[in-house]
Amino acid sequence: MTAQFFYRRDLDFLLYEVLNVERFCECSRYTAHDRASFDAVLDAASAVAVEQFAPHAARSDANEPTFDGTRVHLIPEIKTALSVFVNAGLMAGTFDEQFGGLQLPVTIGQAMSAMFYSANISTAGYPMLTMGAANLLATFGTPDQKNTYVRPMIAGRWFGTMCLSEPQAGSSLADITTKATPSTEGDYLITGTKMWISGGEHDLTENIIHLVLAKIPGSPPGVKGISLFIVPKFRVNPDGSLGARNGVELAGLNHKMGYRGTVNTVLNFGERDECRGLLIGEPNKGLSYMFHMMNEARIGVGLGATMCGYAGYLASLAYARDRRQGRPASAKDPTSPQVPIIEHADIRRLLLTQKCYVEGALALELYCASLVDEQRTESASQRLKVVNLLLDILTPIAKSWPSEFCLEANKHAIQIFGGYGYTRDFPVERLYRDNRLNAIHEGTHGIQGLDLLGRKVVMENGAAFQALEIEISQTIQSAGRVASLEEFAVALQAAWARTVALTRALIDARVQYPQTALADAGVYLDMFGHVVIAWMWLRQALVAAATTPAYDSDRAFYKGKLAACRFFFRRELPKTEAQARLLSSLDDTALTLEEAGF
């Protein structure tokens, strides 16, 4: 069975030619690995994605989880696929060897995740959430917590969740009311309700480990009084065996437009039976700990959005090559044969737009993953600081730009299919519905925009912004020395200079007009994101322009990269000029309209 939803050649190009992921094998953390071991793991992941995840994607979408009042029912293919995933060692991929992990680079781990997200993002949600929760515990848990919880999680015997939102609070975590009261036994009694909890109840594993944000009585108000707790579905005995059922109850299922195979829940804690939890780290630092998982999840959401778009692109590309309809505008004979629709100009525009969005976004996601690997291996303090700053400023873009524009790619895929695109006979309508959720997962587009403009570009007196400027400038300088890329180097230089000037103006405007200056933070993220994706395309074009292909297939591949770069710079990057003009105007129409006028 051949993958129709991701392109392994593109993954290899980004991993080995653009990012040079093999360089990490020279670091002590990854000396056990080489290109051969990376390829072996990627091959294994590809096989599981193609053979186990993709075949039931449509069925799990059509047969949502149900709750009979006692237990949640899922189609059996989900558990089968996850068992194969776990038995292949894929859950343990990037974890330390001390926990039984393979200690692979995060960049390779994200490339594997990309395959599963494109194959079946609903089923992929269960292990990806678990890996995020286990990674948080491995970072902030006590030695006993790590031994007790992390090992079974990466072994796939227990799955994990993150429990943040509440019905009355939503994204405003300062307003959560879940309470954690110290008990006489050294743990805490948890009471409250959590909403939108993916993977919150199922029989896929022996246990479910919930990471729950709650407030200890007497803690400071707002986010400064939030703590983080381990709350298992079944209590865990000192020897690691499972004990009695904890007081975590399923109140109901949420039925979303996408991700229908991922059970989404409302959970009650301690409503009828005692619910016990263990404190992670120090009291009142829970949100900072959870942000470790949230930032990882934000990049994961961006990657998921990218791959939903990527799968739609490849599906529409295959359809456009096969579907015959109409004739070229120059054909006057109505009896002449119809042509594949890929020969029509508008279809080619829609395809190339998708290619620009999804391949540019994938380059960004894997670049961010490579920064995480640098965090884990870099010994020079100055470079480590730069890496941390780059991740800080790029995370809201990596999460939210693909969630907007790879969804746009899905829209184009449906258009290429025509009427068939709106039916369940083809995957593109499901991919669109799945992808639409990514714009709200782990913080809405507006929240990410506020994070970027309100915090990240000004943090440490603009240090993150300056670090990114240095990286982009280096790419511009390299491209400026290549005749075929000089046009794009000049364009990116101008776009970046415009971004710098606009950012300074908006920062200054916040002094007098704080609300107006931040009102269009989402537009700012769109604009900034387009500039960053242009940078990603120029990085890819530098490699493609310098490569002499040995085979016709490679020749076509590199030509495609150069054409997509040209298309993005000529069709997409100019859009940032209009966005910059709008942002500079500090338009307050939406702010000043009286409520009754809406």
# chains A, B, ... in the order shown; residues from 1 in each chain; ligands from 1
call {"tool": "closest_atom_pairs", "arguments": {"of": "segment 168-205 of chain A", "to": "segment 245-268 of chain A", "cutoff": "9 Å", "atoms": "only C-alpha atoms", "output": "Markdown table"}}
result
| residue | atom | partner | partner_atom | distance |
| --- | --- | --- | --- | --- |
| A:Ile190 | CA | A:Gly247 | CA | 8.6 |
| A:Thr191 | CA | A:Asn268 | CA | 7.5 |
| A:Gly192 | CA | A:Asn268 | CA | 6.0 |
| A:Thr193 | CA | A:Asn268 | CA | 4.5 |
| A:Lys194 | CA | A:Leu267 | CA | 5.2 |
| A:Met195 | CA | A:Val266 | CA | 4.6 |
| A:Trp196 | CA | A:Thr265 | CA | 5.6 |
| A:Ile197 | CA | A:Thr265 | CA | 5.0 |
| A:Ser198 | CA | A:Asn264 | CA | 4.3 |
| A:Gly199 | CA | A:Val263 | CA | 5.3 |
| A:Gly200 | CA | A:Thr265 | CA | 5.6 |
| A:Glu201 | CA | A:Leu250 | CA | 6.9 |
| A:His202 | CA | A:Val263 | CA | 7.7 |
call {"tool": "residues_around", "arguments": {"residues": "Leu492 of chain A", "least_positions_apart": "5", "cutoff": "9 Å", "atoms": "only C-alpha atoms", "output": "ChimeraX atom specification"}}
result
/A:472,476,487,497,531,534-535,538,569,573
call {"tool": "write_last_selection", "arguments": {"atoms": "N, CA and C atoms", "output": "PDB file, in the first residue's frame"}}
result
ATOM      1  N   ILE A 472      17.372  35.361   9.540  1.00  0.00           N
ATOM      2  CA  ILE A 472      16.796  35.676   8.236  1.00  0.00           C
ATOM      3  C   ILE A 472      17.804  36.419   7.366  1.00  0.00           C
ATOM      4  N   ILE A 476      19.214  35.677   3.552  1.00  0.00           N
ATOM      5  CA  ILE A 476      19.129  36.689   2.493  1.00  0.00           C
ATOM      6  C   ILE A 476      20.501  36.912   1.857  1.00  0.00           C
ATOM      7  N   GLU A 487      16.364  37.869  -6.932  1.00  0.00           N
ATOM      8  CA  GLU A 487      15.045  38.520  -6.892  1.00  0.00           C
ATOM      9  C   GLU A 487      14.351  38.267  -5.553  1.00  0.00           C
ATOM     10  N   ALA A 497      12.361  44.403   6.314  1.00  0.00           N
ATOM     11  CA  ALA A 497      12.530  45.801   6.722  1.00  0.00           C
ATOM     12  C   ALA A 497      11.177  46.438   7.043  1.00  0.00           C
ATOM     13  N   VAL A 531       6.052  36.278   6.080  1.00  0.00           N
ATOM     14  CA  VAL A 531       7.475  36.611   5.949  1.00  0.00           C
ATOM     15  C   VAL A 531       8.334  35.426   6.388  1.00  0.00           C
ATOM     16  N   ALA A 534       8.187  32.749   3.758  1.00  0.00           N
ATOM     17  CA  ALA A 534       9.052  33.143   2.640  1.00  0.00           C
ATOM     18  C   ALA A 534      10.508  32.807   2.947  1.00  0.00           C
ATOM     19  N   TRP A 535      10.897  33.031   4.188  1.00  0.00           N
ATOM     20  CA  TRP A 535      12.254  32.655   4.616  1.00  0.00           C
ATOM     21  C   TRP A 535      12.455  31.150   4.505  1.00  0.00           C
ATOM     22  N   LEU A 538      12.976  30.324   0.896  1.00  0.00           N
ATOM     23  CA  LEU A 538      14.296  30.720   0.389  1.00  0.00           C
ATOM     24  C   LEU A 538      15.367  29.745   0.875  1.00  0.00           C
ATOM     25  N   PHE A 569       6.822  33.926  -3.533  1.00  0.00           N
ATOM     26  CA  PHE A 569       7.377  35.281  -3.488  1.00  0.00           C
ATOM     27  C   PHE A 569       6.612  36.235  -4.397  1.00  0.00           C
ATOM     28  N   LEU A 573       3.858  36.735  -0.858  1.00  0.00           N
ATOM     29  CA  LEU A 573       4.591  37.722  -0.058  1.00  0.00           C
ATOM     30  C   LEU A 573       4.103  39.150  -0.301  1.00  0.00           C
TER      31      LEU A 573
END
call {"tool": "closest_atom_pairs", "arguments": {"of": "segment 312-351 of chain A", "to": "segment 428-440 of chain A", "cutoff": "12 Å", "atoms": "only C-alpha atoms", "output": "Markdown table"}}
result
| residue | atom | partner | partner_atom | distance |
| --- | --- | --- | --- | --- |
| A:Gly312 | CA | A:Val428 | CA | 5.5 |
| A:Tyr313 | CA | A:Val428 | CA | 8.8 |
| A:Leu314 | CA | A:Val428 | CA | 10.0 |
| A:Ala315 | CA | A:Val428 | CA | 7.4 |
| A:Ser316 | CA | A:Val428 | CA | 8.0 |
| A:Leu317 | CA | A:Val428 | CA | 11.5 |
| A:Tyr319 | CA | A:Val428 | CA | 11.0 |
call {"tool": "write_last_selection", "arguments": {"atoms": "N, CA and C atoms", "output": "PDB file, in the first residue's frame"}}
result
ATOM      1  N   GLY A 312      -4.590  16.706   1.971  1.00  0.00           N
ATOM      2  CA  GLY A 312      -5.557  17.227   1.018  1.00  0.00           C
ATOM      3  C   GLY A 312      -4.908  17.619  -0.298  1.00  0.00           C
ATOM      4  N   TYR A 313      -3.727  18.223  -0.201  1.00  0.00           N
ATOM      5  CA  TYR A 313      -2.987  18.603  -1.414  1.00  0.00           C
ATOM      6  C   TYR A 313      -2.670  17.378  -2.261  1.00  0.00           C
ATOM      7  N   LEU A 314      -2.128  16.340  -1.652  1.00  0.00           N
ATOM      8  CA  LEU A 314      -1.753  15.149  -2.419  1.00  0.00           C
ATOM      9  C   LEU A 314      -2.982  14.445  -2.986  1.00  0.00           C
ATOM     10  N   ALA A 315      -4.083  14.448  -2.249  1.00  0.00           N
ATOM     11  CA  ALA A 315      -5.314  13.843  -2.767  1.00  0.00           C
ATOM     12  C   ALA A 315      -5.825  14.607  -3.982  1.00  0.00           C
ATOM     13  N   SER A 316      -5.804  15.923  -3.907  1.00  0.00           N
ATOM     14  CA  SER A 316      -6.298  16.726  -5.032  1.00  0.00           C
ATOM     15  C   SER A 316      -5.337  16.678  -6.216  1.00  0.00           C
ATOM     16  N   LEU A 317      -4.042  16.539  -5.933  1.00  0.00           N
ATOM     17  CA  LEU A 317      -3.066  16.404  -7.011  1.00  0.00           C
ATOM     18  C   LEU A 317      -3.293  15.105  -7.783  1.00  0.00           C
ATOM     19  N   TYR A 319      -6.042  13.419  -7.948  1.00  0.00           N
ATOM     20  CA  TYR A 319      -7.326  13.535  -8.648  1.00  0.00           C
ATOM     21  C   TYR A 319      -7.173  14.382  -9.920  1.00  0.00           C
TER      22      TYR A 319
END
call {"tool": "closest_residue", "arguments": {"among": "A:Gly218, A:Gly597, A:Pro337, A:Gly522", "to": "Ala180 of chain A", "atoms": "only C-alpha atoms"}}
result
A:Gly218
call {"tool": "closest_atom_pairs", "arguments": {"of": "segment 310-374 of chain A", "to": "segment 111-122 of chain A", "cutoff": "8 Å", "atoms": "only C-alpha atoms", "output": "JSON lines"}}
result
{"residue": "A:Tyr310", "atom": "CA", "partner": "A:Ser118", "partner_atom": "CA", "distance": 7.1}
{"residue": "A:Ala311", "atom": "CA", "partner": "A:Ser118", "partner_atom": "CA", "distance": 5.5}
{"residue": "A:Leu366", "atom": "CA", "partner": "A:Ala111", "partner_atom": "CA", "distance": 7.3}
call {"tool": "residues_around", "arguments": {"residues": "Met527 of chain A", "least_positions_apart": "2", "cutoff": "10 Å", "atoms": "only C-alpha atoms", "output": "list of chain:residue names"}}
result
A:Trp401, A:Ala495, A:Thr499, A:Ala521, A:Gly522, A:Val523, A:Tyr524, A:Leu525, A:Gly529, A:His530, A:Val531, A:Val532, A:Leu573, A:Pro574, A:Lys575, A:Thr576, A:Glu577, A:Ala578, A:Gln579, A:Ala580, A:Leu583
call {"tool": "write_last_selection", "arguments": {"atoms": "N, CA and C atoms", "output": "compact mmCIF listing (two decimals), in the first residue's frame"}}
result
# COMPACT_ATOMS: atom_id res chain seq x y z
N TRP A 401 -0.10 29.90 12.02
CA TRP A 401 -0.08 30.16 10.57
C TRP A 401 -0.55 28.93 9.78
N ALA A 495 10.58 42.94 2.66
CA ALA A 495 9.49 42.52 3.54
C ALA A 495 9.91 42.54 5.00
N THR A 499 8.57 44.80 8.10
CA THR A 499 8.12 44.18 9.35
C THR A 499 8.79 44.85 10.54
N ALA A 521 -3.88 42.04 16.16
CA ALA A 521 -2.72 41.16 16.38
C ALA A 521 -2.79 39.92 15.49
N GLY A 522 -4.01 39.45 15.19
CA GLY A 522 -4.15 38.30 14.30
C GLY A 522 -3.67 38.61 12.89
N VAL A 523 -3.96 39.83 12.41
CA VAL A 523 -3.47 40.26 11.09
C VAL A 523 -1.95 40.36 11.12
N TYR A 524 -1.41 40.86 12.24
CA TYR A 524 0.04 40.94 12.39
C TYR A 524 0.67 39.56 12.30
N LEU A 525 0.04 38.56 12.94
CA LEU A 525 0.57 37.20 12.87
C LEU A 525 0.53 36.67 11.44
N GLY A 529 3.85 35.75 9.70
CA GLY A 529 3.94 34.36 9.29
C GLY A 529 4.30 34.23 7.82
N HIS A 530 3.72 35.06 6.98
CA HIS A 530 4.04 35.02 5.56
C HIS A 530 5.52 35.33 5.32
N VAL A 531 6.05 36.28 6.08
CA VAL A 531 7.47 36.61 5.95
C VAL A 531 8.33 35.43 6.39
N VAL A 532 7.95 34.77 7.48
CA VAL A 532 8.70 33.61 7.97
C VAL A 532 8.63 32.46 6.97
N LEU A 573 3.86 36.73 -0.86
CA LEU A 573 4.59 37.72 -0.06
C LEU A 573 4.10 39.15 -0.30
N PRO A 574 3.73 39.53 -1.53
CA PRO A 574 3.22 40.90 -1.72
C PRO A 574 1.98 41.23 -0.90
N LYS A 575 1.24 40.23 -0.45
CA LYS A 575 0.05 40.48 0.37
C LYS A 575 0.43 41.17 1.68
N THR A 576 1.66 41.00 2.12
CA THR A 576 2.07 41.59 3.40
C THR A 576 2.14 43.12 3.33
N GLU A 577 2.28 43.67 2.13
CA GLU A 577 2.31 45.13 2.00
C GLU A 577 0.97 45.73 2.40
N ALA A 578 -0.13 45.17 1.90
CA ALA A 578 -1.45 45.67 2.27
C ALA A 578 -1.73 45.46 3.76
N GLN A 579 -1.29 44.33 4.29
CA GLN A 579 -1.49 44.07 5.72
C GLN A 579 -0.73 45.09 6.56
N ALA A 580 0.49 45.42 6.14
CA ALA A 580 1.29 46.40 6.88
C ALA A 580 0.63 47.78 6.85
N LEU A 583 -2.28 47.71 9.32
CA LEU A 583 -1.80 47.73 10.70
C LEU A 583 -1.25 49.10 11.07
call {"tool": "residues_around", "arguments": {"residues": "Leu350 of chain A", "least_positions_apart": "6", "cutoff": "8 Å", "atoms": "only C-alpha atoms", "output": "list in words"}}
result
His412, Ala413 and Ile416 of chain A
call {"tool": "closest_residue", "arguments": {"among": "A:Lys285, A:Lys411, A:Arg298, A:Arg8", "to": "Asp43 of chain A", "atoms": "only C-alpha atoms"}}
result
A:Arg8
call {"tool": "select_by_dssp", "arguments": {"residues": "segment 170-387 of chain A", "states": "strand (DSSP E)", "output": "PyMOL selection string"}}
result
chain A and resi 179-182+188-198+207-215+226-232+234-236+242-245+248-254+264-269+276-279
call {"tool": "write_last_selection", "arguments": {"atoms": "C-alpha atoms", "output": "CSV table (one decimal), in the first residue's frame"}}
result
chain,number,residue,atom,x,y,z
A,179,LYS,CA,-9.8,23.0,43.7
A,180,ALA,CA,-6.9,20.9,45.2
A,181,THR,CA,-7.2,20.6,49.0
A,182,PRO,CA,-4.3,19.1,50.9
A,188,TYR,CA,-4.6,16.4,47.4
A,189,LEU,CA,-8.3,16.0,47.0
A,190,ILE,CA,-9.3,17.3,43.6
A,191,THR,CA,-12.8,18.8,43.0
A,192,GLY,CA,-14.1,20.5,39.9
A,193,THR,CA,-15.1,20.1,36.2
A,194,LYS,CA,-12.9,20.2,33.1
A,195,MET,CA,-14.1,20.7,29.6
A,196,TRP,CA,-12.8,19.7,26.1
A,197,ILE,CA,-10.5,17.0,27.4
A,198,SER,CA,-9.3,14.9,24.5
A,207,ASN,CA,-5.0,3.6,33.0
A,208,ILE,CA,-5.3,7.3,32.0
A,209,ILE,CA,-3.1,9.9,33.6
A,210,HIS,CA,-4.7,13.3,33.7
A,211,LEU,CA,-2.5,16.4,34.2
A,212,VAL,CA,-4.9,18.8,35.9
A,213,LEU,CA,-4.6,22.5,36.6
A,214,ALA,CA,-6.2,23.4,40.0
A,215,LYS,CA,-5.9,26.0,42.8
A,226,ILE,CA,-2.5,27.7,39.7
A,227,SER,CA,-0.8,24.4,40.5
A,228,LEU,CA,-0.5,21.2,38.5
A,229,PHE,CA,-1.5,17.7,39.6
A,230,ILE,CA,-1.2,14.1,38.5
A,231,VAL,CA,-4.7,12.6,38.7
A,232,PRO,CA,-4.9,9.0,37.5
A,234,PHE,CA,-7.1,4.3,38.6
A,235,ARG,CA,-5.0,5.1,41.7
A,236,VAL,CA,-1.5,3.7,41.6
A,242,LEU,CA,-3.3,-0.3,39.9
A,243,GLY,CA,-5.5,0.2,42.8
A,244,ALA,CA,-9.1,1.5,43.2
A,245,ARG,CA,-10.9,3.7,40.7
A,248,VAL,CA,-12.8,11.0,37.9
A,249,GLU,CA,-16.1,10.6,36.2
A,250,LEU,CA,-17.2,11.1,32.6
A,251,ALA,CA,-20.0,13.7,32.6
A,252,GLY,CA,-20.5,13.6,28.8
A,253,LEU,CA,-19.0,13.6,25.4
A,254,ASN,CA,-18.5,16.6,23.1
A,264,ASN,CA,-13.6,14.5,23.7
A,265,THR,CA,-15.0,14.7,27.2
A,266,VAL,CA,-16.4,16.7,30.1
A,267,LEU,CA,-14.9,15.3,33.3
A,268,ASN,CA,-16.0,15.7,36.9
A,269,PHE,CA,-13.4,15.4,39.6
A,276,ARG,CA,-6.9,12.1,44.7
A,277,GLY,CA,-4.0,13.8,43.0
A,278,LEU,CA,-0.3,14.4,43.4
A,279,LEU,CA,1.4,17.8,43.2
call {"tool": "residues_around", "arguments": {"residues": "His56 of chain A", "least_positions_apart": "4", "cutoff": "8 Å", "atoms": "only C-alpha atoms", "output": "PyMOL selection string"}}
result
chain A and resi 52+60+77-78+120
call {"tool": "write_last_selection", "arguments": {"atoms": "N, CA and C atoms", "output": "PDB file, in the first residue's frame"}}
result
ATOM      1  N   GLN A  52      -1.960   0.747   9.199  1.00  0.00           N
ATOM      2  CA  GLN A  52      -2.806   0.655  10.394  1.00  0.00           C
ATOM      3  C   GLN A  52      -3.648   1.904  10.651  1.00  0.00           C
ATOM      4  N   SER A  60     -13.659   5.819  11.392  1.00  0.00           N
ATOM      5  CA  SER A  60     -13.726   6.425  12.723  1.00  0.00           C
ATOM      6  C   SER A  60     -14.412   7.786  12.665  1.00  0.00           C
ATOM      7  N   GLU A  77     -10.724  -0.807  15.392  1.00  0.00           N
ATOM      8  CA  GLU A  77      -9.501  -0.547  14.620  1.00  0.00           C
ATOM      9  C   GLU A  77      -8.584   0.460  15.308  1.00  0.00           C
ATOM     10  N   ILE A  78      -9.164   1.338  16.120  1.00  0.00           N
ATOM     11  CA  ILE A  78      -8.336   2.333  16.805  1.00  0.00           C
ATOM     12  C   ILE A  78      -7.386   1.642  17.778  1.00  0.00           C
ATOM     13  N   ASN A 120      -4.157   9.822   9.790  1.00  0.00           N
ATOM     14  CA  ASN A 120      -5.376   9.730  10.602  1.00  0.00           C
ATOM     15  C   ASN A 120      -5.141  10.532  11.876  1.00  0.00           C
TER      16      ASN A 120
END
call {"tool": "closest_atom_pairs", "arguments": {"of": "segment 16-47 of chain A", "to": "segment 373-397 of chain A", "cutoff": "10 Å", "atoms": "only C-alpha atoms", "output": "CSV"}}
result
residue,atom,partner,partner_atom,distance
A:Val21,CA,A:Asp373,CA,9.3
A:Phe24,CA,A:Asp373,CA,7.7
A:Glu26,CA,A:Thr377,CA,9.7
A:Cys27,CA,A:Thr377,CA,6.4
A:Ser28,CA,A:Thr377,CA,7.7
A:Arg29,CA,A:Thr377,CA,6.8
A:Tyr30,CA,A:Thr377,CA,8.8
call {"tool": "write_last_selection", "arguments": {"atoms": "N, CA, C and O atoms", "output": "mmCIF file, in the first residue's frame"}}
result
data_model
loop_
_atom_site.group_PDB
_atom_site.id
_atom_site.type_symbol
_atom_site.label_atom_id
_atom_site.label_comp_id
_atom_site.auth_asym_id
_atom_site.auth_seq_id
_atom_site.Cartn_x
_atom_site.Cartn_y
_atom_site.Cartn_z
ATOM 1 N N VAL A 21 19.966 16.990 9.627
ATOM 2 C CA VAL A 21 19.705 16.405 10.930
ATOM 3 C C VAL A 21 20.797 15.428 11.355
ATOM 4 O O VAL A 21 20.976 15.165 12.557
ATOM 5 N N PHE A 24 23.358 16.098 14.303
ATOM 6 C CA PHE A 24 23.110 15.840 15.714
ATOM 7 C C PHE A 24 23.748 14.522 16.173
ATOM 8 O O PHE A 24 23.950 14.320 17.376
ATOM 9 N N GLU A 26 26.662 13.763 15.950
ATOM 10 C CA GLU A 26 27.984 14.079 16.496
ATOM 11 C C GLU A 26 27.900 14.494 17.957
ATOM 12 O O GLU A 26 28.929 14.614 18.626
ATOM 13 N N CYS A 27 26.688 14.731 18.458
ATOM 14 C CA CYS A 27 26.502 15.135 19.851
ATOM 15 C C CYS A 27 26.345 13.888 20.718
ATOM 16 O O CYS A 27 25.807 12.872 20.271
ATOM 17 N N SER A 28 26.808 13.975 21.949
ATOM 18 C CA SER A 28 26.827 12.801 22.822
ATOM 19 C C SER A 28 25.426 12.210 23.018
ATOM 20 O O SER A 28 25.279 10.991 23.140
ATOM 21 N N ARG A 29 24.402 13.055 23.006
ATOM 22 C CA ARG A 29 23.047 12.559 23.243
ATOM 23 C C ARG A 29 22.597 11.609 22.146
ATOM 24 O O ARG A 29 21.830 10.667 22.402
ATOM 25 N N TYR A 30 23.073 11.816 20.919
ATOM 26 C CA TYR A 30 22.560 11.054 19.774
ATOM 27 C C TYR A 30 23.629 10.214 19.075
ATOM 28 O O TYR A 30 23.437 9.815 17.927
#
call {"tool": "closest_residue", "arguments": {"among": "A:Ala491, A:Arg455, A:Glu442, A:Arg581", "to": "Ser165 of chain A", "atoms": "only C-alpha atoms"}}
result
A:Glu442
call {"tool": "atom_distance", "arguments": {"atom1": "atom CA of Arg157 of chain A", "atom2": "atom CA of Val106 of chain A"}}
result
22.2 Å
